[in-house]
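*Asks:* Compact mmCIF, C-alpha atoms and all ligand atoms, saved as upload.txt, coming up:
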```
# COMPACT_ATOMS: atom_id res chain seq x y z
CA LEU A 1 -16.57 21.61 92.80
CA TRP A 2 -18.92 22.44 89.93
CA GLN A 3 -21.48 24.49 91.88
CA SER A 4 -20.52 27.68 90.10
CA VAL A 5 -21.10 26.20 86.62
CA PRO A 6 -23.98 28.15 85.12
CA LEU A 7 -26.92 26.11 83.86
CA ALA A 8 -26.94 26.32 80.07
CA PRO A 9 -30.25 26.76 78.28
CA PRO A 10 -31.40 23.69 76.32
CA ASP A 11 -30.90 23.74 72.54
CA SER A 12 -34.02 25.44 71.20
CA ILE A 13 -34.54 23.14 68.18
CA PHE A 14 -34.25 19.95 70.22
CA GLN A 15 -36.50 21.50 72.88
CA LEU A 16 -39.08 22.19 70.19
CA THR A 17 -38.97 18.56 69.03
CA ALA A 18 -39.41 17.38 72.63
CA ALA A 19 -42.49 19.63 73.06
CA TYR A 20 -43.91 18.31 69.77
CA LYS A 21 -43.43 14.71 70.91
CA GLU A 22 -45.27 15.45 74.19
CA ASP A 23 -48.19 17.09 72.39
CA LYS A 24 -51.24 14.77 72.10
CA PHE A 25 -53.11 16.87 69.53
CA PRO A 26 -53.80 14.64 66.47
CA GLN A 27 -53.11 17.29 63.82
CA LYS A 28 -49.88 18.54 65.38
CA ILE A 29 -47.09 19.37 62.92
CA ASN A 30 -43.36 19.66 63.49
CA LEU A 31 -41.82 22.25 61.17
CA GLY A 32 -38.80 22.85 63.37
CA VAL A 33 -36.50 19.99 62.60
CA GLY A 34 -34.22 20.17 59.57
CA ALA A 35 -34.46 16.53 58.57
CA TYR A 36 -36.19 15.12 55.50
CA ARG A 37 -39.58 13.44 55.91
CA ASP A 38 -41.57 11.76 53.14
CA ASP A 39 -45.26 12.30 52.38
CA ASP A 40 -46.14 10.03 55.33
CA ASN A 41 -43.94 12.11 57.65
CA LYS A 42 -41.45 9.24 57.86
CA PRO A 43 -37.67 9.37 57.54
CA TRP A 44 -36.59 8.36 54.07
CA ILE A 45 -35.44 4.78 54.49
CA SER A 46 -38.03 3.40 56.85
CA ALA A 47 -40.72 4.93 54.69
CA ARG A 48 -39.50 3.03 51.68
CA ARG A 49 -39.39 -0.19 53.64
CA GLN A 50 -42.96 0.37 54.82
CA ARG A 51 -44.27 0.87 51.34
CA GLY A 52 -42.40 -2.22 50.21
CA LEU A 53 -41.09 -0.51 47.14
CA ALA A 54 -39.33 -2.75 44.67
CA ALA A 55 -36.62 -0.15 44.67
CA LEU A 56 -35.70 -1.24 48.17
CA SER A 57 -33.04 -3.61 46.94
CA ASN A 58 -31.53 -0.68 45.13
CA THR A 59 -31.91 1.69 47.99
CA LYS A 60 -28.52 3.10 48.50
CA LYS A 61 -28.04 2.71 52.21
CA LYS A 62 -29.72 -0.68 52.58
CA ARG A 63 -27.84 -2.16 49.70
CA ALA A 64 -24.56 -0.56 50.60
CA THR A 65 -24.93 -1.66 54.21
CA ARG A 66 -25.72 -5.24 53.17
CA ILE A 67 -22.70 -5.33 50.91
CA LEU A 68 -20.53 -3.83 53.62
CA LEU A 69 -21.76 -6.29 56.24
CA SER A 70 -21.13 -9.28 54.00
CA ASP A 71 -17.73 -8.08 52.82
CA GLU A 72 -15.26 -10.26 54.65
CA THR A 73 -12.33 -8.20 53.48
CA LEU A 74 -13.53 -5.30 55.63
CA ASP A 75 -12.24 -5.10 59.14
CA HIS A 76 -12.76 -2.85 62.13
CA GLU A 77 -9.33 -1.29 62.11
CA TYR A 78 -8.69 2.44 62.35
CA LEU A 79 -9.06 4.54 59.24
CA PRO A 80 -6.19 6.89 58.34
CA ILE A 81 -6.40 10.10 60.44
CA THR A 82 -7.59 12.11 57.43
CA GLY A 83 -10.23 9.52 56.54
CA LEU A 84 -11.06 6.87 53.98
CA PRO A 85 -9.16 7.96 50.85
CA GLU A 86 -11.80 6.63 48.39
CA PHE A 87 -14.41 8.61 50.29
CA THR A 88 -12.53 11.92 50.55
CA ALA A 89 -11.44 11.79 46.89
CA ALA A 90 -14.98 11.08 45.64
CA ALA A 91 -16.50 13.63 48.03
CA ALA A 92 -14.11 16.31 46.73
CA LYS A 93 -15.14 15.51 43.15
CA LEU A 94 -18.80 15.65 44.08
CA ILE A 95 -18.61 19.18 45.45
CA LEU A 96 -15.79 20.68 43.36
CA GLY A 97 -16.67 18.91 40.10
CA SER A 98 -14.73 16.20 38.31
CA SER A 99 -13.10 18.75 36.02
CA SER A 100 -12.16 21.12 38.83
CA PRO A 101 -8.88 22.91 38.07
CA ALA A 102 -7.97 22.73 41.78
CA LEU A 103 -8.34 18.93 41.79
CA ALA A 104 -6.44 18.55 38.51
CA GLU A 105 -3.61 20.56 40.05
CA SER A 106 -3.67 18.51 43.30
CA ARG A 107 -4.17 21.58 45.44
CA VAL A 108 -7.14 20.50 47.52
CA ALA A 109 -6.57 19.07 51.00
CA SER A 110 -9.59 16.88 51.85
CA VAL A 111 -10.19 15.46 55.29
CA GLN A 112 -13.05 13.27 56.53
CA THR A 113 -14.95 14.95 59.36
CA ILE A 114 -17.73 14.34 61.85
CA SER A 115 -20.42 15.41 59.38
CA GLY A 116 -20.84 19.07 58.43
CA THR A 117 -20.52 20.25 62.02
CA GLY A 118 -17.10 18.62 62.28
CA ALA A 119 -16.06 20.15 58.96
CA ASN A 120 -17.05 23.61 60.20
CA HIS A 121 -15.20 23.02 63.44
CA LEU A 122 -12.03 21.72 61.82
CA GLY A 123 -12.06 24.54 59.26
CA ALA A 124 -12.54 27.12 62.02
CA LEU A 125 -9.80 25.56 64.16
CA PHE A 126 -7.40 25.52 61.20
CA LEU A 127 -8.11 29.19 60.45
CA SER A 128 -7.73 30.15 64.07
CA LYS A 129 -4.25 28.62 64.11
CA PHE A 130 -2.91 29.24 60.62
CA TYR A 131 -4.84 32.01 58.85
CA GLN A 132 -2.75 35.10 58.14
CA TRP A 133 -4.78 37.39 60.37
CA GLY A 134 -2.14 40.13 60.14
CA THR A 135 -3.41 43.17 62.04
CA ASN A 136 -7.00 41.94 61.74
CA GLU A 137 -8.78 40.74 64.83
CA LYS A 138 -9.75 37.04 64.73
CA LYS A 139 -13.24 37.54 63.35
CA VAL A 140 -15.59 35.72 61.04
CA TYR A 141 -18.39 37.48 59.19
CA LEU A 142 -21.61 35.48 59.41
CA SER A 143 -24.82 36.12 57.51
CA ASN A 144 -27.61 37.62 59.58
CA PRO A 145 -29.27 35.23 60.23
CA THR A 146 -27.33 31.99 59.93
CA TRP A 147 -27.34 28.44 61.30
CA ALA A 148 -27.15 29.19 65.03
CA ASN A 149 -24.33 26.73 65.58
CA HIS A 150 -21.95 28.80 63.42
CA HIS A 151 -21.70 31.32 66.26
CA ALA A 152 -20.81 28.67 68.84
CA ILE A 153 -18.38 26.82 66.55
CA PHE A 154 -16.28 29.91 65.85
CA LYS A 155 -16.42 31.23 69.41
CA ASN A 156 -15.16 27.85 70.64
CA VAL A 157 -11.92 28.30 68.70
CA GLY A 158 -11.42 31.95 69.64
CA ILE A 159 -12.81 33.54 66.45
CA GLY A 160 -15.39 36.24 67.17
CA PRO A 161 -18.54 36.18 65.04
CA VAL A 162 -19.73 39.44 63.44
CA ASP A 163 -22.93 39.76 61.42
CA TYR A 164 -23.16 40.86 57.82
CA PRO A 165 -26.54 41.86 56.36
CA TYR A 166 -28.16 39.05 54.41
CA TYR A 167 -31.90 38.81 54.85
CA ASP A 168 -34.15 41.77 54.18
CA PRO A 169 -37.41 41.45 56.14
CA LYS A 170 -39.05 44.05 53.88
CA THR A 171 -38.65 41.98 50.73
CA ILE A 172 -38.36 38.60 52.52
CA GLY A 173 -35.39 38.18 50.19
CA LEU A 174 -31.68 38.91 49.93
CA ASP A 175 -30.30 42.22 51.14
CA PHE A 176 -27.82 42.24 48.28
CA THR A 177 -26.79 45.88 48.70
CA GLY A 178 -26.15 45.32 52.40
CA LEU A 179 -24.15 42.17 51.71
CA VAL A 180 -21.92 43.76 49.08
CA GLY A 181 -21.57 46.85 51.29
CA ALA A 182 -20.26 44.63 54.11
CA LEU A 183 -17.80 42.89 51.77
CA ASN A 184 -16.49 46.27 50.66
CA ALA A 185 -16.35 47.76 54.15
CA ALA A 186 -14.59 44.85 55.90
CA PRO A 187 -10.79 45.10 56.25
CA GLU A 188 -8.80 43.25 53.58
CA ARG A 189 -8.39 39.48 54.11
CA SER A 190 -11.50 39.18 56.26
CA VAL A 191 -13.12 35.76 56.56
CA PHE A 192 -16.70 35.52 55.26
CA LEU A 193 -18.84 32.47 55.86
CA LEU A 194 -21.13 31.82 52.88
CA HIS A 195 -23.75 29.10 52.51
CA GLY A 196 -22.96 27.21 49.29
CA CYS A 197 -26.65 26.63 48.53
CA ALA A 198 -30.03 26.41 50.26
CA HIS A 199 -29.25 29.00 52.93
CA ASN A 200 -30.26 27.96 56.44
CA PRO A 201 -32.50 29.38 57.87
CA THR A 202 -33.85 31.72 55.17
CA GLY A 203 -33.98 29.59 52.00
CA VAL A 204 -32.75 32.72 50.21
CA ASP A 205 -29.77 32.21 47.88
CA PRO A 206 -28.00 34.76 45.67
CA THR A 207 -28.63 34.48 41.91
CA PRO A 208 -25.67 33.52 39.67
CA GLU A 209 -25.21 37.21 38.80
CA GLN A 210 -25.18 38.12 42.47
CA TRP A 211 -22.69 35.31 43.22
CA ALA A 212 -20.45 36.75 40.49
CA ALA A 213 -20.56 40.18 42.11
CA ILE A 214 -19.86 38.62 45.53
CA ALA A 215 -16.84 36.79 44.07
CA ASP A 216 -15.55 40.04 42.53
CA ALA A 217 -15.88 41.86 45.85
CA MET A 218 -14.16 38.98 47.67
CA LEU A 219 -11.27 39.03 45.18
CA ALA A 220 -10.93 42.82 45.27
CA LYS A 221 -10.62 42.77 49.07
CA LYS A 222 -8.64 39.47 49.19
CA HIS A 223 -11.28 38.05 51.53
CA TYR A 224 -11.39 34.39 52.48
CA ALA A 225 -14.54 32.38 51.69
CA PHE A 226 -15.49 29.84 54.33
CA VAL A 227 -18.19 28.00 52.38
CA ASP A 228 -20.59 25.77 54.26
CA CYS A 229 -22.47 23.42 51.95
CA ALA A 230 -24.74 21.16 53.99
CA TYR A 231 -27.58 20.78 51.45
CA GLN A 232 -26.03 19.92 48.06
CA GLY A 233 -28.89 18.49 46.00
CA PHE A 234 -31.63 19.82 48.25
CA ALA A 235 -31.97 23.19 46.55
CA SER A 236 -32.64 22.13 42.97
CA GLY A 237 -32.58 18.34 43.10
CA ASP A 238 -29.41 18.46 40.99
CA LEU A 239 -26.05 17.91 42.70
CA ASP A 240 -24.08 19.79 40.05
CA LYS A 241 -26.41 22.76 39.91
CA ASP A 242 -26.29 23.16 43.69
CA ALA A 243 -22.47 23.11 43.61
CA TRP A 244 -22.36 25.87 41.00
CA ALA A 245 -21.39 28.70 43.35
CA VAL A 246 -18.63 26.65 44.99
CA ARG A 247 -17.16 25.67 41.62
CA PHE A 248 -17.47 29.22 40.31
CA PHE A 249 -15.52 30.53 43.31
CA VAL A 250 -12.75 27.96 42.72
CA GLU A 251 -12.52 28.90 39.03
CA LYS A 252 -12.40 32.59 39.89
CA GLY A 253 -9.53 31.92 42.30
CA VAL A 254 -11.27 33.09 45.50
CA ALA A 255 -9.26 31.83 48.49
CA MET A 256 -11.59 29.32 50.11
CA LEU A 257 -12.50 26.15 51.92
CA VAL A 258 -15.67 24.06 51.70
CA CYS A 259 -17.49 22.18 54.46
CA GLN A 260 -19.52 19.23 53.20
CA SER A 261 -22.18 17.12 54.89
CA PHE A 262 -23.84 13.90 53.77
CA ALA A 263 -26.45 14.07 56.55
CA LYS A 264 -29.25 15.52 54.45
CA ASN A 265 -28.56 14.47 50.87
CA ALA A 266 -27.67 10.87 51.76
CA GLY A 267 -30.06 10.69 54.71
CA LEU A 268 -27.12 9.73 56.92
CA TYR A 269 -27.87 12.03 59.85
CA GLY A 270 -26.64 9.71 62.58
CA GLU A 271 -23.62 8.30 60.77
CA ARG A 272 -21.87 11.67 60.94
CA VAL A 273 -20.17 11.63 57.58
CA GLY A 274 -18.73 14.78 56.08
CA ALA A 275 -15.58 16.35 54.73
CA LEU A 276 -13.54 19.53 54.80
CA HIS A 277 -11.84 20.62 51.58
CA ILE A 278 -9.26 23.39 51.71
CA VAL A 279 -8.20 24.80 48.34
CA SER A 280 -4.62 26.07 48.22
CA PRO A 281 -2.73 28.02 45.55
CA ASP A 282 -0.38 25.11 44.76
CA GLN A 283 0.29 21.43 45.47
CA GLU A 284 3.18 22.00 47.86
CA THR A 285 1.12 24.35 50.03
CA SER A 286 -1.77 21.92 49.94
CA ALA A 287 0.43 19.12 51.29
CA LYS A 288 1.44 21.35 54.20
CA VAL A 289 -2.19 22.26 54.88
CA LYS A 290 -3.19 18.61 54.87
CA SER A 291 -0.37 17.71 57.24
CA GLN A 292 -1.64 20.29 59.75
CA LEU A 293 -5.25 19.20 59.36
CA SER A 294 -4.09 15.71 60.17
CA VAL A 295 -2.37 16.94 63.34
CA LEU A 296 -5.50 18.82 64.42
CA SER A 297 -7.81 15.87 63.72
CA ARG A 298 -5.49 13.54 65.57
CA SER A 299 -5.81 15.55 68.76
CA GLU A 300 -9.58 15.77 68.48
CA ILE A 301 -10.84 12.43 67.17
CA SER A 302 -7.71 10.46 66.27
CA ASN A 303 -9.52 8.63 63.47
CA PRO A 304 -12.88 9.31 61.82
CA PRO A 305 -15.67 6.69 61.91
CA THR A 306 -15.74 4.03 59.19
CA HIS A 307 -19.32 3.05 58.52
CA GLY A 308 -20.88 6.18 57.00
CA ALA A 309 -17.77 6.91 54.95
CA ARG A 310 -17.81 3.40 53.51
CA ILE A 311 -21.49 3.73 52.56
CA VAL A 312 -21.00 7.10 50.86
CA SER A 313 -17.81 5.93 49.19
CA MET A 314 -19.66 2.95 47.74
CA ILE A 315 -22.48 5.15 46.46
CA LEU A 316 -20.15 7.72 44.92
CA ASN A 317 -17.78 5.21 43.35
CA ASN A 318 -20.37 2.79 41.93
CA PRO A 319 -22.08 4.22 38.81
CA ASN A 320 -25.37 2.31 39.34
CA MET A 321 -25.65 3.31 42.96
CA PHE A 322 -24.71 6.86 42.10
CA GLU A 323 -27.57 7.07 39.58
CA ALA A 324 -30.01 5.56 42.10
CA TRP A 325 -28.90 8.10 44.69
CA LYS A 326 -29.36 10.99 42.27
CA GLN A 327 -32.91 9.75 41.71
CA ASP A 328 -33.47 9.68 45.49
CA ILE A 329 -32.28 13.28 45.71
CA ARG A 330 -34.58 14.36 42.88
CA THR A 331 -37.48 12.72 44.71
CA MET A 332 -36.68 14.43 48.01
CA ALA A 333 -36.06 17.88 46.51
CA GLY A 334 -39.07 17.47 44.20
CA ARG A 335 -41.41 16.74 47.10
CA ILE A 336 -40.20 19.84 48.91
CA ILE A 337 -40.74 21.96 45.80
CA ASP A 338 -44.26 20.49 45.42
CA MET A 339 -45.05 21.44 49.00
CA ARG A 340 -43.93 25.01 48.35
CA LYS A 341 -46.24 25.20 45.35
CA GLU A 342 -49.19 23.72 47.21
CA LEU A 343 -48.75 25.97 50.23
CA PHE A 344 -48.50 28.98 47.94
CA ARG A 345 -51.63 27.91 46.03
CA LEU A 346 -53.64 27.42 49.21
CA LEU A 347 -52.60 30.77 50.69
CA THR A 348 -53.06 32.83 47.55
CA GLU A 349 -55.83 31.13 45.55
CA GLU A 350 -58.02 29.45 48.15
CA LEU A 351 -57.63 31.32 51.40
CA HIS A 352 -56.65 34.72 50.03
CA THR A 353 -54.40 35.17 53.04
CA PRO A 354 -53.39 38.83 53.44
CA GLY A 355 -49.85 39.68 52.34
CA ASN A 356 -47.50 38.62 49.58
CA TRP A 357 -46.42 34.95 49.63
CA ASP A 358 -44.20 34.84 46.54
CA HIS A 359 -41.21 34.06 48.76
CA ILE A 360 -42.70 30.65 49.58
CA VAL A 361 -42.02 29.53 46.01
CA ASN A 362 -38.97 31.72 45.43
CA GLN A 363 -36.98 30.42 48.41
CA ILE A 364 -35.19 27.13 47.99
CA GLY A 365 -33.98 24.16 49.98
CA MET A 366 -35.37 22.62 53.09
CA PHE A 367 -36.26 25.83 54.89
CA SER A 368 -38.53 28.75 54.30
CA PHE A 369 -38.63 32.03 56.15
CA THR A 370 -42.34 32.78 56.25
CA GLY A 371 -41.89 36.40 57.31
CA ILE A 372 -44.33 36.08 60.21
CA THR A 373 -43.59 37.76 63.54
CA PRO A 374 -42.33 35.99 66.69
CA ALA A 375 -45.78 36.52 68.23
CA GLN A 376 -47.46 34.86 65.23
CA SER A 377 -44.96 31.97 65.39
CA LYS A 378 -45.79 31.52 69.05
CA ALA A 379 -49.51 31.61 68.31
CA LEU A 380 -49.04 28.83 65.75
CA ILE A 381 -47.54 26.65 68.47
CA THR A 382 -50.03 27.43 71.21
CA ASP A 383 -53.23 27.73 69.15
CA ALA A 384 -52.61 25.31 66.29
CA HIS A 385 -50.00 22.85 67.64
CA VAL A 386 -47.74 23.71 64.72
CA TYR A 387 -44.14 23.74 65.95
CA LEU A 388 -41.65 26.15 64.36
CA THR A 389 -38.77 28.34 65.46
CA GLY A 390 -39.50 31.82 66.85
CA ASN A 391 -38.01 33.52 63.78
CA GLY A 392 -40.82 32.17 61.58
CA ARG A 393 -38.66 29.57 59.84
CA ILE A 394 -40.43 26.42 58.70
CA SER A 395 -38.93 23.18 57.48
CA MET A 396 -40.77 22.41 54.26
CA ALA A 397 -39.93 18.74 54.81
CA GLY A 398 -42.40 18.72 57.70
CA LEU A 399 -45.27 19.47 55.29
CA ASN A 400 -47.01 16.77 53.30
CA SER A 401 -50.15 16.28 51.24
CA LYS A 402 -52.12 15.41 54.40
CA ASN A 403 -51.16 18.35 56.62
CA VAL A 404 -50.41 21.23 54.24
CA ARG A 405 -54.03 22.44 54.22
CA TYR A 406 -54.22 22.42 58.02
CA PHE A 407 -50.96 24.37 58.11
CA ALA A 408 -52.13 26.90 55.50
CA GLU A 409 -55.38 27.45 57.42
CA SER A 410 -53.51 27.85 60.70
CA LEU A 411 -51.09 30.32 59.13
CA ASP A 412 -53.99 32.20 57.61
CA ALA A 413 -55.66 32.43 61.03
CA VAL A 414 -52.61 33.84 62.84
CA VAL A 415 -51.90 36.32 60.06
CA ARG A 416 -55.48 37.66 60.20
CA ASN A 417 -55.44 38.00 63.98
N1 LIG A 501 -24.28 23.75 58.23
C1 LIG A 501 -25.56 24.11 58.12
C2 LIG A 501 -25.87 25.40 57.47
C3 LIG A 501 -26.57 23.27 58.60
O1 LIG A 501 -27.84 23.66 58.47
C4 LIG A 501 -26.22 22.05 59.20
C5 LIG A 501 -27.28 21.14 59.75
N2 LIG A 501 -28.33 21.69 60.38
C6 LIG A 501 -24.86 21.72 59.28
C7 LIG A 501 -23.92 22.58 58.77
C8 LIG A 501 -24.31 20.47 59.89
O2 LIG A 501 -25.07 19.36 59.95
P1 LIG A 501 -24.42 17.93 60.22
O3 LIG A 501 -23.37 18.10 61.24
O4 LIG A 501 -25.57 17.12 60.69
O5 LIG A 501 -23.87 17.48 58.92
```
So, in terms of structure tokens, how does the structure I just supplied come out?
*Replies:*
Amino acid sequence: LWQSVPLAPPDSIFQLTAAYKEDKFPQKINLGVGAYRDDDNKPWISARRQRGLAALSNTKKKRATRILLSDETLDHEYLPITGLPEFTAAAAKLILGSSSPALAESRVASVQTISGTGANHLGALFLSKFYQWGTNEKKVYLSNPTWANHHAIFKNVGIGPVDYPYYDPKTIGLDFTGLVGALNAAPERSVFLLHGCAHNPTGVDPTPEQWAAIADAMLAKKHYAFVDCAYQGFASGDLDKDAWAVRFFVEKGVAMLVCQSFAKNAGLYGERVGALHIVSPDQETSAKVKSQLSVLSRSEISNPPTHGARIVSMILNNPNMFEAWKQDIRTMAGRIIDMRKELFRLLTEELHTPGNWDHIVNQIGMFSFTGITPAQSKALITDAHVYLTGNGRISMAGLNSKNVRYFAESLDAVVRN
């Protein structure tokens, strides 16, 4: 029966991780995976447990989980189709801001999703069914490059991905002229996917002035902003600062939705906790949107999972836990920023590696586009056992005080070759 099914290629990132795990070289480094690691290359929670930090009892997930497990009022019943209301309400406030005009006017439909991926999928599915495409083809404009999964997610729901210029290899920065040119050239009411902060894979974000110009162009052409925000807190270490562009777009009245993930900022990768927030012009419309999101979610997952949503809800709704979490985020983002500075220092001051490396400190978030060629990326894997994607992207979270020098020296060697 299934003989004619073509064999799909394995996912390149997970393949990279598998190759890294197989590698016996002691100084091997994995810079492929987009998950936070501490200075001992350990995931956040287990690292804290290992070091026996006094803060453990305050550690958000541990404490929240303990409270949840001992709470006899909690059961294992289904959540509402659209999710845990205390979670979705607090999540909306976190991304849109507690003084958001859209929240005050009850015109945001928020639905709990299977992490950020599920939010992207549900948003794409909703647009595919209900967006006023008019005479436009069902297309979404994606930054070139973008998170690879964006292409698959939109194609799966019958929306064709088209690239818009974003990254300029000459400056290793934003191709702002190209981006605004694409906004102006696209037919009215086109859908543009924008990364809310900490662009994956480039680490290149627009400045506030550039965001303002993007918003103006979106408004002038009545475009729709599909905002994916998977790294709130990871760019600057400040949740509010990283939500600035999203909030600015809402204030400006750009038609939009936001996809939110708690995988990275709460370290809840496996719990799959996220949300989709669709902003509507008025409360009545928002109620209709939410009713349709509920229908779509029902047919896909029936009810979202409880555990992660309960943990995040507890953190967001408890002022002490919220403060402790903000400190965790500052620590994680701060370590990444320190690694950028140290890598930059080693390349420029110690090794005098040819080329300009300013982008290492100018880019933000978990990822950095190094600007090296695919051949140089490959050489890093084969010669130095440093694993990274072929486009030269590195996850800064994979660097630490013990391996950053080895990485800088390896990078220096491939660049000189
Ligand atoms: N959007 C972007 C841009 C991402 O980088 C990621 C994670 N790699 C996601 C969404 C979704 O991640 P998750 O489903 O784990 O929340």
*Asks:* Pick from A:Ala19, A:Ala91, A:Ile381, A:Val289: nearest to A:Ile311, with all atoms listed in the file counted?
*Replies:* A:Ala91
*Asks:* Tell me which of A:Ile336, A:Met321, A:Ile95, A:Leu1 sits closest to A:Arg247, counting only C-alpha atoms.
*Replies:*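 Among the listed residues, A:Ile95 lies closest to A:Arg247.
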*Asks:* List the residues sitting within 9 Å of (-36.9, 22.3, 68.0) in the file's frame, using only C-alpha atoms, as a PyMOL selection string.
*Replies:* chain A and resi 11-20+30-33+387-389
*Asks:* Ligand LIG 501 (chain A): which residues are within 7 Å, counting only C-alpha atoms and all ligand atoms? Reply as a PyMOL selection string.
*Replies:* chain A and resi 34+114-118+147+195+199-200+228-230+261-263+269+272+274
*Asks:* Using the selection just defined, write its residues with C-alpha atoms as a PDB file, in the coordinates of the input.
*Replies:*
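Everything below was put into out.pdb:
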```
ATOM      1  CA  GLY A  34     -34.220  20.170  59.570  1.00  0.00           C
ATOM      2  CA  ILE A 114     -17.730  14.340  61.850  1.00  0.00           C
ATOM      3  CA  SER A 115     -20.420  15.410  59.380  1.00  0.00           C
ATOM      4  CA  GLY A 116     -20.840  19.070  58.430  1.00  0.00           C
ATOM      5  CA  THR A 117     -20.520  20.250  62.020  1.00  0.00           C
ATOM      6  CA  GLY A 118     -17.100  18.620  62.280  1.00  0.00           C
ATOM      7  CA  TRP A 147     -27.340  28.440  61.300  1.00  0.00           C
ATOM      8  CA  HIS A 195     -23.750  29.100  52.510  1.00  0.00           C
ATOM      9  CA  HIS A 199     -29.250  29.000  52.930  1.00  0.00           C
ATOM     10  CA  ASN A 200     -30.260  27.960  56.440  1.00  0.00           C
ATOM     11  CA  ASP A 228     -20.590  25.770  54.260  1.00  0.00           C
ATOM     12  CA  CYS A 229     -22.470  23.420  51.950  1.00  0.00           C
ATOM     13  CA  ALA A 230     -24.740  21.160  53.990  1.00  0.00           C
ATOM     14  CA  SER A 261     -22.180  17.120  54.890  1.00  0.00           C
ATOM     15  CA  PHE A 262     -23.840  13.900  53.770  1.00  0.00           C
ATOM     16  CA  ALA A 263     -26.450  14.070  56.550  1.00  0.00           C
ATOM     17  CA  TYR A 269     -27.870  12.030  59.850  1.00  0.00           C
ATOM     18  CA  ARG A 272     -21.870  11.670  60.940  1.00  0.00           C
ATOM     19  CA  GLY A 274     -18.730  14.780  56.080  1.00  0.00           C
TER      20      GLY A 274
END
```
*Asks:* Residues around (-27.0, 20.6, 39.7), cut-off 12 Å, counting all atoms listed in the file - what are they as a PyMOL selection string?
*Replies:* chain A and resi 94-97+197+231-247+326+329-330+333
*Asks:* Between atom CA of A:Met218 and atom CA of A:Tyr164, measure the distance and give it in Å to one decimal.
*Replies:*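 Atom-to-atom, atom CA of A:Met218 and atom CA of A:Tyr164 are spaced 13.7 Å apart.
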*Asks:* Find, counting only C-alpha atoms, the residue in A:Val312, A:Arg298, A:Ala148, A:Ser410 that gets nearest to A:Trp325.
*Replies:* A:Val312
*Asks:* Neighbouring residues of A:Ile301 were defined as those with any atom within 12 Å, considering all atoms listed in the file; residues of the same chain fewer than 2 positions away were excluded. Please report them as a PyMOL selection string.
*Replies:* chain A and resi 78-83+112-114+118+122+293-299+303-305
*Asks:* From the options A:Leu276, A:Ala35, A:Ala185, A:Met314, which residue's atoms come nearest to A:Leu125, counting all atoms listed in the file?
*Replies:*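 Going through A:Leu276, A:Ala35, A:Ala185, A:Met314 one by one, the smallest distance to A:Leu125 is for A:Leu276.
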*Asks:* What does the structure give for the distance between atom CA of A:Thr285 and atom CA of A:Pro101, in Å to one decimal?
*Replies:*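 Interatomic distance here is 15.7 Å.
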*Asks:* Have a look at atom CA of A:Ile278 and atom CA of A:Ala109 and let me know their distance in Å, one decimal.
*Replies:*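 Between these atoms lies a distance of 5.1 Å.
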*Asks:* Which is closer to A:Gly173 than all the others in A:Ser395, A:Thr370, A:Thr73, A:Asn149, using all atoms listed in the file?
*Replies:*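 Among the listed residues, the smallest separation from A:Gly173 belongs to A:Thr370.
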*Asks:* Given all atoms listed in the file as the basis, pick out the residue of A:Pro354, A:Pro281, A:Pro85, A:Pro9 nearest to A:Asn417.
*Replies:*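 When distances to A:Asn417 are compared using all atoms listed in the file, the smallest one comes from A:Pro354.
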*Asks:* Mind working out the centre and edge lengths of an axis-aligned box for stretch 404-412 of chain A, all listed atoms inside, 4 Å added to each side, rounded to one decimal in Å and written as lines of an AutoDock Vina configuration file?
*Replies:*
```
center_x = -52.9
center_y = 26.7
center_z = 57.5
size_x = 13.0
size_y = 19.0
size_z = 14.5
```
*Asks:* Stretch 128-130 of chain A: which residues within 7 Å, counting only C-alpha atoms, same-chain residues fewer than 4 positions away excluded, as an NGL selection string?
*Replies:* :A and (124 or 157-159)
